[in-house]
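Q: Handing you this structure, nothing more for now.
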Amino acid sequence: MAQSSAYIERPLTWEAQRESSLARRLPWLLFFRVVVATLLLLLALVADYLGWSLSGLTYILYLVILGSYGMVVLEGLLLRGKASPTVLSTIHLVSAVAIAFGVVHGTGGVTSTFSYLYLLAILDGAIIAGGGVALVMASVCSISYGTQLVLQLYRVFPKGIESLPEPQEFVSAVVVHLGAFYLIAVLAGHLAGLLEKARDLVASTEFDLHQILELHAAVLESLPLGVVTIDAKGIVNTANQAASWILNIPIGGLIGLPAPEFLKDFRTGDKDSLIYTLEQDNRRCEISLNRSRVERMVPGQPSSAQMELTLVVIEDRTHWYAMERDLRAKERLAGIGELAAAIAHEIRNPLASMSGSLELLEHSASLSSAQRDKLRHIVSREVSQLNRLLENFLIYARPAPPKRIRMDLAIVVREVAEAVNQAAQYKEHPLVLHADGGLFTQIDPEQIRQLLWNLLKNAFEASEPHEPVELRVALHSSNSDWIVLDVSDRGVGVSPEIQNTMFDPFQTTKPAGTGLGLSIVHRIVENHGGKIDVKVSKYGGALFRVLLPVATKEFS
């Protein structure tokens with residue numbers, strides 16, 4: 001994973017920030033100067049045309065205006081040539097005072113109505129560098145304006161007017177203008193300070209947001225989980241690198257394009273989580289899908305305008321399922337080892353009975369025909385017991401992989417129920433069947449038949465004579481992912497101690513039982529991805545509940 005410094009932008013130094021700020025403001029100040037110069041040019045033309053009393057000095061205005069345009073061009077070229085913004089700002093402020101001086105002198109000095117141009121120079125100083133420079137500009141403008149009036153009073157400069165006002169008017173103009181200059185400097189400096197703080201806050205916020213976005217992107221890219229967002233039209237808005245790896249699709253083939261069909265189906269389906277088998281380019285992997293809804297506000301739109309997105313988290317579980325299968329195989333091998341020891345013990349008793357019977361048949365010539373038939377029956381019975389024991393052992397120890405097909409579970413249940421009703425040994429136990437149709441699942445019919453036979457045989461043997469055995473197959477609920485198969489008896493029930501070991505091999509409470517029937521049931525249920533549990537039935541006996549997954553096109 002990349003270090004944070006690789007994706008978080010370094011903050012600028014104070015000097016660099018100041019230079020960048022000046023470079024942004026100077027073009028606007030130059031534009032404003034062009035506007036002011038153009039207005040003065042129009043005024044000078046009108047004065048000449050109407051023959052105003054100040055027209056004698058309008059040639060000075062023309063020179064000032066031409067100089068203003070020239071300074072704008074010069075500063076623009078320097079700015080484009082990457083000259084120092086600080087130097088350009090100094091030139092701009094000095095030229096602003098010079099322009100104000102020229103315009104005031106060209107329009108009558110003490111009687112000029114354009115002395116406000118000094119105020120514009122002060123405002124330029126506040127905009128460029130804040131309150132301190134604004135006060136400096138106020139002082140410079142005060143000296144310039146005061147000097148200008150003193151020189152006019154003593155007739156150093158041409159008057160520009162027919163007769164000079166009284167000296168008191170010169171003093172009054174100086175006092176009023178100086179007060180206005182400093183007042184504007186203070187107010188403009190304060191406002192410029194507030195504006196600068198606001199800009200700093202915005203810049204800081206933008207920087208923090210940039211950091212958060214970069215960190216968020218880095219976290220998403222570092223996740224081993226694929227994260228994809230899909231809009232209401234089925235278009236992928238965002239996707240991280242893990243999603244590209246898992247789906248085997250380049251990022252450019254995901255973002256901004258329609259989502260793969262299975263993701264579209266999952267987005268519009270009624271399940272929030274799903275296991276999907278992905279097969280493409282001779283590559284097969286099992287992925288876990290989880291979704292959640294995201295409502296995003298659309299900028300510039302009313303609060304009612306929201307964009308609905310679906311967030312899909314994709315996890316490649318192929319490795320985990322492989323480990324799980326390997327663990328099950330190892331557990332089965334360990335179980336087979338335990339079985340080998342247990343079956344040796346189970347075989348010993350039948351072999352002892354057979355050995356004793358055969359020895360009597362061989363060495364006791366005085367046995368009657370009835371006695372010999374009895375001994376032969378014992379040998380035949382023990383051989384059958386051994387054969388049944390070995391068959392169950394082979395089924396448990398080396399189960400054939402289920403050959404699953406999609407079919408209605410009720411069909412298999414009805415077939416087994418019909419066969420049970422025809423069996424003579426179960427005639428004294430009426431079978432109550434409730435099997436809803438249309439319950440499709442992926443099963444191996446032969447293994448499910450064996451499962452049902454073992455559960456029903458167990459229920460018949462546990463129930464009292466002439467007590468019914470109930471077999472029920474139904475969905476647990478309309479939104480369930482499982483089909484429920486219940487087999488209940490009317491026996492004495494199962495104690496908690498037995499429940500903990502009843503699915504272990506050779507655990508039985510029946511005198512003639514092998515203890516492998518329920519172990520085989522448990523193995524078949526596991527091979528089908530299901531669950532089995534034991535509860536108390538409503539009749540007081542035991543209720544074996546088998547859960548098998550509903551068949552879907554995504555998982556088989």
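Identifiers in this document derive from the order of the structure tokens: chains are assigned A, B, ..., residues are numbered from 1 separately in each chain, and ligands are numbered from 1 in order of occurrence.
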DSSP on the backbone: what in region 124-276 of chain A comes out strand (DSSP E), as a list in words?

A: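 Matching residues for strand (DSSP E) in region 124-276 of chain A are Gly226, Val227, Val228, Thr229, Ile230, Asp231, Val236, Asn237, Thr238, Ala239, Ser273, Leu274, Ile275 and Tyr276 of chain A.
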
Q: Can you spit out the residues from that selection as an mmCIF file, in the first residue's frame, using all heavy atoms?

A:
data_model
loop_
_atom_site.group_PDB
_atom_site.id
_atom_site.type_symbol
_atom_site.label_atom_id
_atom_site.label_comp_id
_atom_site.auth_asym_id
_atom_site.auth_seq_id
_atom_site.Cartn_x
_atom_site.Cartn_y
_atom_site.Cartn_z
ATOM 1 N N GLY A 226 -14.202 -6.388 -3.363
ATOM 2 C CA GLY A 226 -14.646 -5.553 -4.462
ATOM 3 C C GLY A 226 -15.816 -4.692 -4.030
ATOM 4 O O GLY A 226 -16.737 -5.173 -3.374
ATOM 5 N N VAL A 227 -15.778 -3.399 -4.370
ATOM 6 C CA VAL A 227 -16.847 -2.469 -4.020
ATOM 7 C C VAL A 227 -17.307 -1.793 -5.314
ATOM 8 O O VAL A 227 -16.515 -1.130 -5.987
ATOM 9 C CB VAL A 227 -16.382 -1.415 -2.996
ATOM 10 C CG1 VAL A 227 -17.521 -0.456 -2.663
ATOM 11 C CG2 VAL A 227 -15.863 -2.087 -1.736
ATOM 12 N N VAL A 228 -18.596 -1.961 -5.642
ATOM 13 C CA VAL A 228 -19.156 -1.435 -6.881
ATOM 14 C C VAL A 228 -20.439 -0.691 -6.537
ATOM 15 O O VAL A 228 -21.233 -1.167 -5.701
ATOM 16 C CB VAL A 228 -19.459 -2.568 -7.886
ATOM 17 C CG1 VAL A 228 -20.134 -2.020 -9.138
ATOM 18 C CG2 VAL A 228 -18.183 -3.295 -8.264
ATOM 19 N N THR A 229 -20.653 0.475 -7.150
ATOM 20 C CA THR A 229 -21.927 1.174 -7.013
ATOM 21 C C THR A 229 -22.616 1.192 -8.377
ATOM 22 O O THR A 229 -21.978 1.480 -9.394
ATOM 23 C CB THR A 229 -21.743 2.614 -6.508
ATOM 24 O OG1 THR A 229 -20.867 3.326 -7.384
ATOM 25 C CG2 THR A 229 -21.170 2.616 -5.097
ATOM 26 N N ILE A 230 -23.913 0.886 -8.361
ATOM 27 C CA ILE A 230 -24.705 0.786 -9.585
ATOM 28 C C ILE A 230 -25.912 1.699 -9.434
ATOM 29 O O ILE A 230 -26.590 1.675 -8.400
ATOM 30 C CB ILE A 230 -25.157 -0.670 -9.826
ATOM 31 C CG1 ILE A 230 -23.955 -1.619 -9.801
ATOM 32 C CG2 ILE A 230 -25.904 -0.801 -11.142
ATOM 33 C CD1 ILE A 230 -24.338 -3.093 -9.850
ATOM 34 N N ASP A 231 -26.184 2.517 -10.465
ATOM 35 C CA ASP A 231 -27.328 3.419 -10.381
ATOM 36 C C ASP A 231 -28.609 2.715 -10.819
ATOM 37 O O ASP A 231 -28.611 1.517 -11.141
ATOM 38 C CB ASP A 231 -27.080 4.687 -11.200
ATOM 39 C CG ASP A 231 -26.934 4.408 -12.695
ATOM 40 O OD1 ASP A 231 -27.360 3.337 -13.164
ATOM 41 O OD2 ASP A 231 -26.375 5.259 -13.415
ATOM 42 N N VAL A 236 -22.617 1.181 -13.901
ATOM 43 C CA VAL A 236 -21.622 1.173 -12.823
ATOM 44 C C VAL A 236 -21.066 2.581 -12.659
ATOM 45 O O VAL A 236 -20.496 3.147 -13.599
ATOM 46 C CB VAL A 236 -20.488 0.182 -13.130
ATOM 47 C CG1 VAL A 236 -19.412 0.258 -12.049
ATOM 48 C CG2 VAL A 236 -21.034 -1.237 -13.225
ATOM 49 N N ASN A 237 -21.252 3.164 -11.477
ATOM 50 C CA ASN A 237 -20.732 4.509 -11.194
ATOM 51 C C ASN A 237 -19.291 4.469 -10.709
ATOM 52 O O ASN A 237 -18.458 5.265 -11.137
ATOM 53 C CB ASN A 237 -21.604 5.215 -10.154
ATOM 54 C CG ASN A 237 -22.857 5.805 -10.773
ATOM 55 O OD1 ASN A 237 -23.313 5.349 -11.813
ATOM 56 N ND2 ASN A 237 -23.421 6.817 -10.159
ATOM 57 N N THR A 238 -19.010 3.575 -9.783
ATOM 58 C CA THR A 238 -17.655 3.448 -9.245
ATOM 59 C C THR A 238 -17.324 1.979 -9.067
ATOM 60 O O THR A 238 -18.213 1.139 -8.895
ATOM 61 C CB THR A 238 -17.513 4.172 -7.890
ATOM 62 O OG1 THR A 238 -18.419 3.573 -6.937
ATOM 63 C CG2 THR A 238 -17.807 5.653 -8.006
ATOM 64 N N ALA A 239 -16.040 1.687 -9.088
ATOM 65 C CA ALA A 239 -15.560 0.319 -8.845
ATOM 66 C C ALA A 239 -14.101 0.408 -8.423
ATOM 67 O O ALA A 239 -13.341 1.227 -8.947
ATOM 68 C CB ALA A 239 -15.713 -0.547 -10.096
ATOM 69 N N SER A 273 -28.067 -10.744 0.124
ATOM 70 C CA SER A 273 -26.800 -11.481 0.091
ATOM 71 C C SER A 273 -27.001 -12.733 -0.749
ATOM 72 O O SER A 273 -28.100 -13.279 -0.823
ATOM 73 C CB SER A 273 -26.333 -11.858 1.508
ATOM 74 O OG SER A 273 -27.287 -12.678 2.138
ATOM 75 N N LEU A 274 -25.909 -13.171 -1.376
ATOM 76 C CA LEU A 274 -26.025 -14.261 -2.332
ATOM 77 C C LEU A 274 -24.651 -14.874 -2.564
ATOM 78 O O LEU A 274 -23.631 -14.186 -2.496
ATOM 79 C CB LEU A 274 -26.586 -13.727 -3.659
ATOM 80 C CG LEU A 274 -27.000 -14.737 -4.723
ATOM 81 C CD1 LEU A 274 -28.219 -15.517 -4.270
ATOM 82 C CD2 LEU A 274 -27.317 -14.025 -6.030
ATOM 83 N N ILE A 275 -24.641 -16.177 -2.823
ATOM 84 C CA ILE A 275 -23.434 -16.871 -3.264
ATOM 85 C C ILE A 275 -23.607 -17.161 -4.747
ATOM 86 O O ILE A 275 -24.606 -17.748 -5.161
ATOM 87 C CB ILE A 275 -23.208 -18.182 -2.493
ATOM 88 C CG1 ILE A 275 -23.094 -17.905 -0.992
ATOM 89 C CG2 ILE A 275 -21.951 -18.885 -3.000
ATOM 90 C CD1 ILE A 275 -21.929 -17.025 -0.620
ATOM 91 N N TYR A 276 -22.627 -16.711 -5.539
ATOM 92 C CA TYR A 276 -22.746 -16.847 -6.990
ATOM 93 C C TYR A 276 -21.506 -17.564 -7.520
ATOM 94 O O TYR A 276 -20.377 -17.278 -7.100
ATOM 95 C CB TYR A 276 -22.879 -15.469 -7.639
ATOM 96 C CG TYR A 276 -23.088 -15.495 -9.138
ATOM 97 C CD1 TYR A 276 -24.357 -15.666 -9.673
ATOM 98 C CD2 TYR A 276 -22.014 -15.374 -10.007
ATOM 99 C CE1 TYR A 276 -24.548 -15.685 -11.039
ATOM 100 C CE2 TYR A 276 -22.195 -15.401 -11.384
ATOM 101 C CZ TYR A 276 -23.474 -15.553 -11.884
ATOM 102 O OH TYR A 276 -23.674 -15.595 -13.241
#

Q: For region 307-323 of chain A, list every protein, DNA or RNA residue within 8 Å, evaluated using only C-alpha atoms, and leave out those in the same chain fewer than 4 positions away; present the list as a ChimeraX atom specification.

A: /A:224-232,243,246,267,285-298,327

Q: Fewer than 6 positions away in the same chain doesn't count, so skip those; otherwise give me all residues within 8 Å of region 521-527 of chain A, counting only C-alpha atoms, as number ranges by chain.

A: A: 396, 401-402, 447-448, 450-451, 454-455, 503, 546, 548

Q: For those residues, write N, CA and C atoms to a file as a PDB file, in the first residue's frame.

A:
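Output file again_18.pdb follows:
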ATOM      1  N   TYR A 396     -21.153 -44.685   4.786  1.00  0.00           N
ATOM      2  CA  TYR A 396     -20.705 -43.548   5.593  1.00  0.00           C
ATOM      3  C   TYR A 396     -19.256 -43.170   5.275  1.00  0.00           C
ATOM      4  N   PRO A 401     -20.344 -38.910  -4.341  1.00  0.00           N
ATOM      5  CA  PRO A 401     -20.734 -37.501  -4.436  1.00  0.00           C
ATOM      6  C   PRO A 401     -22.145 -37.373  -4.988  1.00  0.00           C
ATOM      7  N   PRO A 402     -22.939 -36.485  -4.416  1.00  0.00           N
ATOM      8  CA  PRO A 402     -24.334 -36.389  -4.860  1.00  0.00           C
ATOM      9  C   PRO A 402     -24.424 -35.929  -6.315  1.00  0.00           C
ATOM     10  N   GLN A 447     -29.984 -40.435  -2.845  1.00  0.00           N
ATOM     11  CA  GLN A 447     -29.509 -40.164  -1.486  1.00  0.00           C
ATOM     12  C   GLN A 447     -30.631 -39.599  -0.609  1.00  0.00           C
ATOM     13  N   ILE A 448     -31.523 -38.780  -1.184  1.00  0.00           N
ATOM     14  CA  ILE A 448     -32.642 -38.252  -0.402  1.00  0.00           C
ATOM     15  C   ILE A 448     -33.607 -39.378  -0.039  1.00  0.00           C
ATOM     16  N   GLN A 450     -32.738 -42.483   0.532  1.00  0.00           N
ATOM     17  CA  GLN A 450     -32.089 -43.185   1.641  1.00  0.00           C
ATOM     18  C   GLN A 450     -32.236 -42.398   2.940  1.00  0.00           C
ATOM     19  N   LEU A 451     -32.076 -41.072   2.841  1.00  0.00           N
ATOM     20  CA  LEU A 451     -32.252 -40.219   4.024  1.00  0.00           C
ATOM     21  C   LEU A 451     -33.656 -40.400   4.609  1.00  0.00           C
ATOM     22  N   ASN A 454     -34.152 -43.872   6.264  1.00  0.00           N
ATOM     23  CA  ASN A 454     -33.502 -43.973   7.578  1.00  0.00           C
ATOM     24  C   ASN A 454     -34.282 -43.209   8.647  1.00  0.00           C
ATOM     25  N   LEU A 455     -34.764 -41.988   8.311  1.00  0.00           N
ATOM     26  CA  LEU A 455     -35.521 -41.214   9.296  1.00  0.00           C
ATOM     27  C   LEU A 455     -36.857 -41.878   9.620  1.00  0.00           C
ATOM     28  N   PHE A 503     -25.754 -38.148  16.208  1.00  0.00           N
ATOM     29  CA  PHE A 503     -25.314 -38.231  14.817  1.00  0.00           C
ATOM     30  C   PHE A 503     -23.901 -38.797  14.688  1.00  0.00           C
ATOM     31  N   VAL A 546     -35.086 -31.278   8.684  1.00  0.00           N
ATOM     32  CA  VAL A 546     -34.032 -31.168   7.675  1.00  0.00           C
ATOM     33  C   VAL A 546     -34.298 -29.918   6.839  1.00  0.00           C
ATOM     34  N   LEU A 548     -33.151 -27.935   3.442  1.00  0.00           N
ATOM     35  CA  LEU A 548     -32.432 -28.022   2.173  1.00  0.00           C
ATOM     36  C   LEU A 548     -32.579 -26.698   1.451  1.00  0.00           C
TER      37      LEU A 548
END

Q: For a test of reading the model, state the distance in Å between CA of Val150 (chain A) and CA of Ala185 (chain A), rounded to one decimal.

A: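 Calculated distance between CA of Val150 (chain A) and CA of Ala185 (chain A) is 23.3 Å.
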
Q: Quick check, in Å to one decimal: how far apart do CA of Gly193 (chain A) and CA of Leu209 (chain A) lie?

A: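 Rounded to one decimal, the two atoms are 24.0 Å apart.
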
Q: Considering only C-alpha atoms, state which residue in the set A:Pro549, A:Gly540, A:Gly146, A:Gly438 is at the smallest distance from His528 (chain A).

A: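 Closest residue, counting only C-alpha atoms: A:Pro549.
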
Q: Mind listing the alpha helix (DSSP H) residues of region 11-217 of chain A, per DSSP on the backbone, as a PyMOL selection string?

A: chain A and resi 14-50+58-80+85-106+116-129+131-153+167-217

Q: Can you tell me, as a short mmCIF file (atom, residue, chain, number, x, y, z; two decimals) with N, CA and C atoms, in the first residue's frame, what residues are no more than 6 Å from Ile443 (chain A) when counting only C-alpha atoms, ignoring any on the same chain fewer than 2 positions away?

A:
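Result file follows (out16.cif):
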data_model
loop_
_atom_site.label_atom_id
_atom_site.label_comp_id
_atom_site.auth_asym_id
_atom_site.auth_seq_id
_atom_site.Cartn_x
_atom_site.Cartn_y
_atom_site.Cartn_z
N ARG A 404 -26.64 -34.16 -8.22
CA ARG A 404 -27.81 -33.32 -7.97
C ARG A 404 -28.48 -32.86 -9.26
N ILE A 405 -29.78 -32.90 -9.23
CA ILE A 405 -30.60 -32.36 -10.31
C ILE A 405 -31.69 -31.49 -9.69
N PRO A 445 -31.66 -37.67 -5.96
CA PRO A 445 -32.89 -38.36 -5.53
C PRO A 445 -32.61 -39.64 -4.74
#

Q: Find, counting only C-alpha atoms, the residue in A:Thr111, A:Ser222, A:Ser357, A:Ser144 that gets nearest to Phe170 (chain A).

A: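 Comparing A:Thr111, A:Ser222, A:Ser357, A:Ser144 against Phe170 (chain A), the winner is A:Thr111.
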
Q: In Å, how far is it from CA of Thr277 (chain A) to CA of Phe440 (chain A)?

A: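 Atom-to-atom, CA of Thr277 (chain A) and CA of Phe440 (chain A) are spaced 19.1 Å apart.
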
Q: Within 8 Å of region 113-115 of chain A, counting only C-alpha atoms, which residues show up once you throw out same-chain ones fewer than 2 positions away? Write them as a VMD selection string, please.

A: chain A and resid 100 103 to 104 107 111 117 to 119

Q: Pick from A:Tyr62, A:Tyr116, A:Tyr182, A:Tyr69: nearest to Ser95 (chain A), with only C-alpha atoms counted?

A: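 Of the candidates, the smallest distance to Ser95 (chain A) is held by A:Tyr69.
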
Q: Name the closest residue to Val534 (chain A) among the candidates A:Gly493, A:Gly130, A:Gly252, A:Pro85; distances are taken between atoms, counting only C-alpha atoms.

A: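 Among A:Gly493, A:Gly130, A:Gly252, A:Pro85, it is A:Gly493 that comes nearest to Val534 (chain A).
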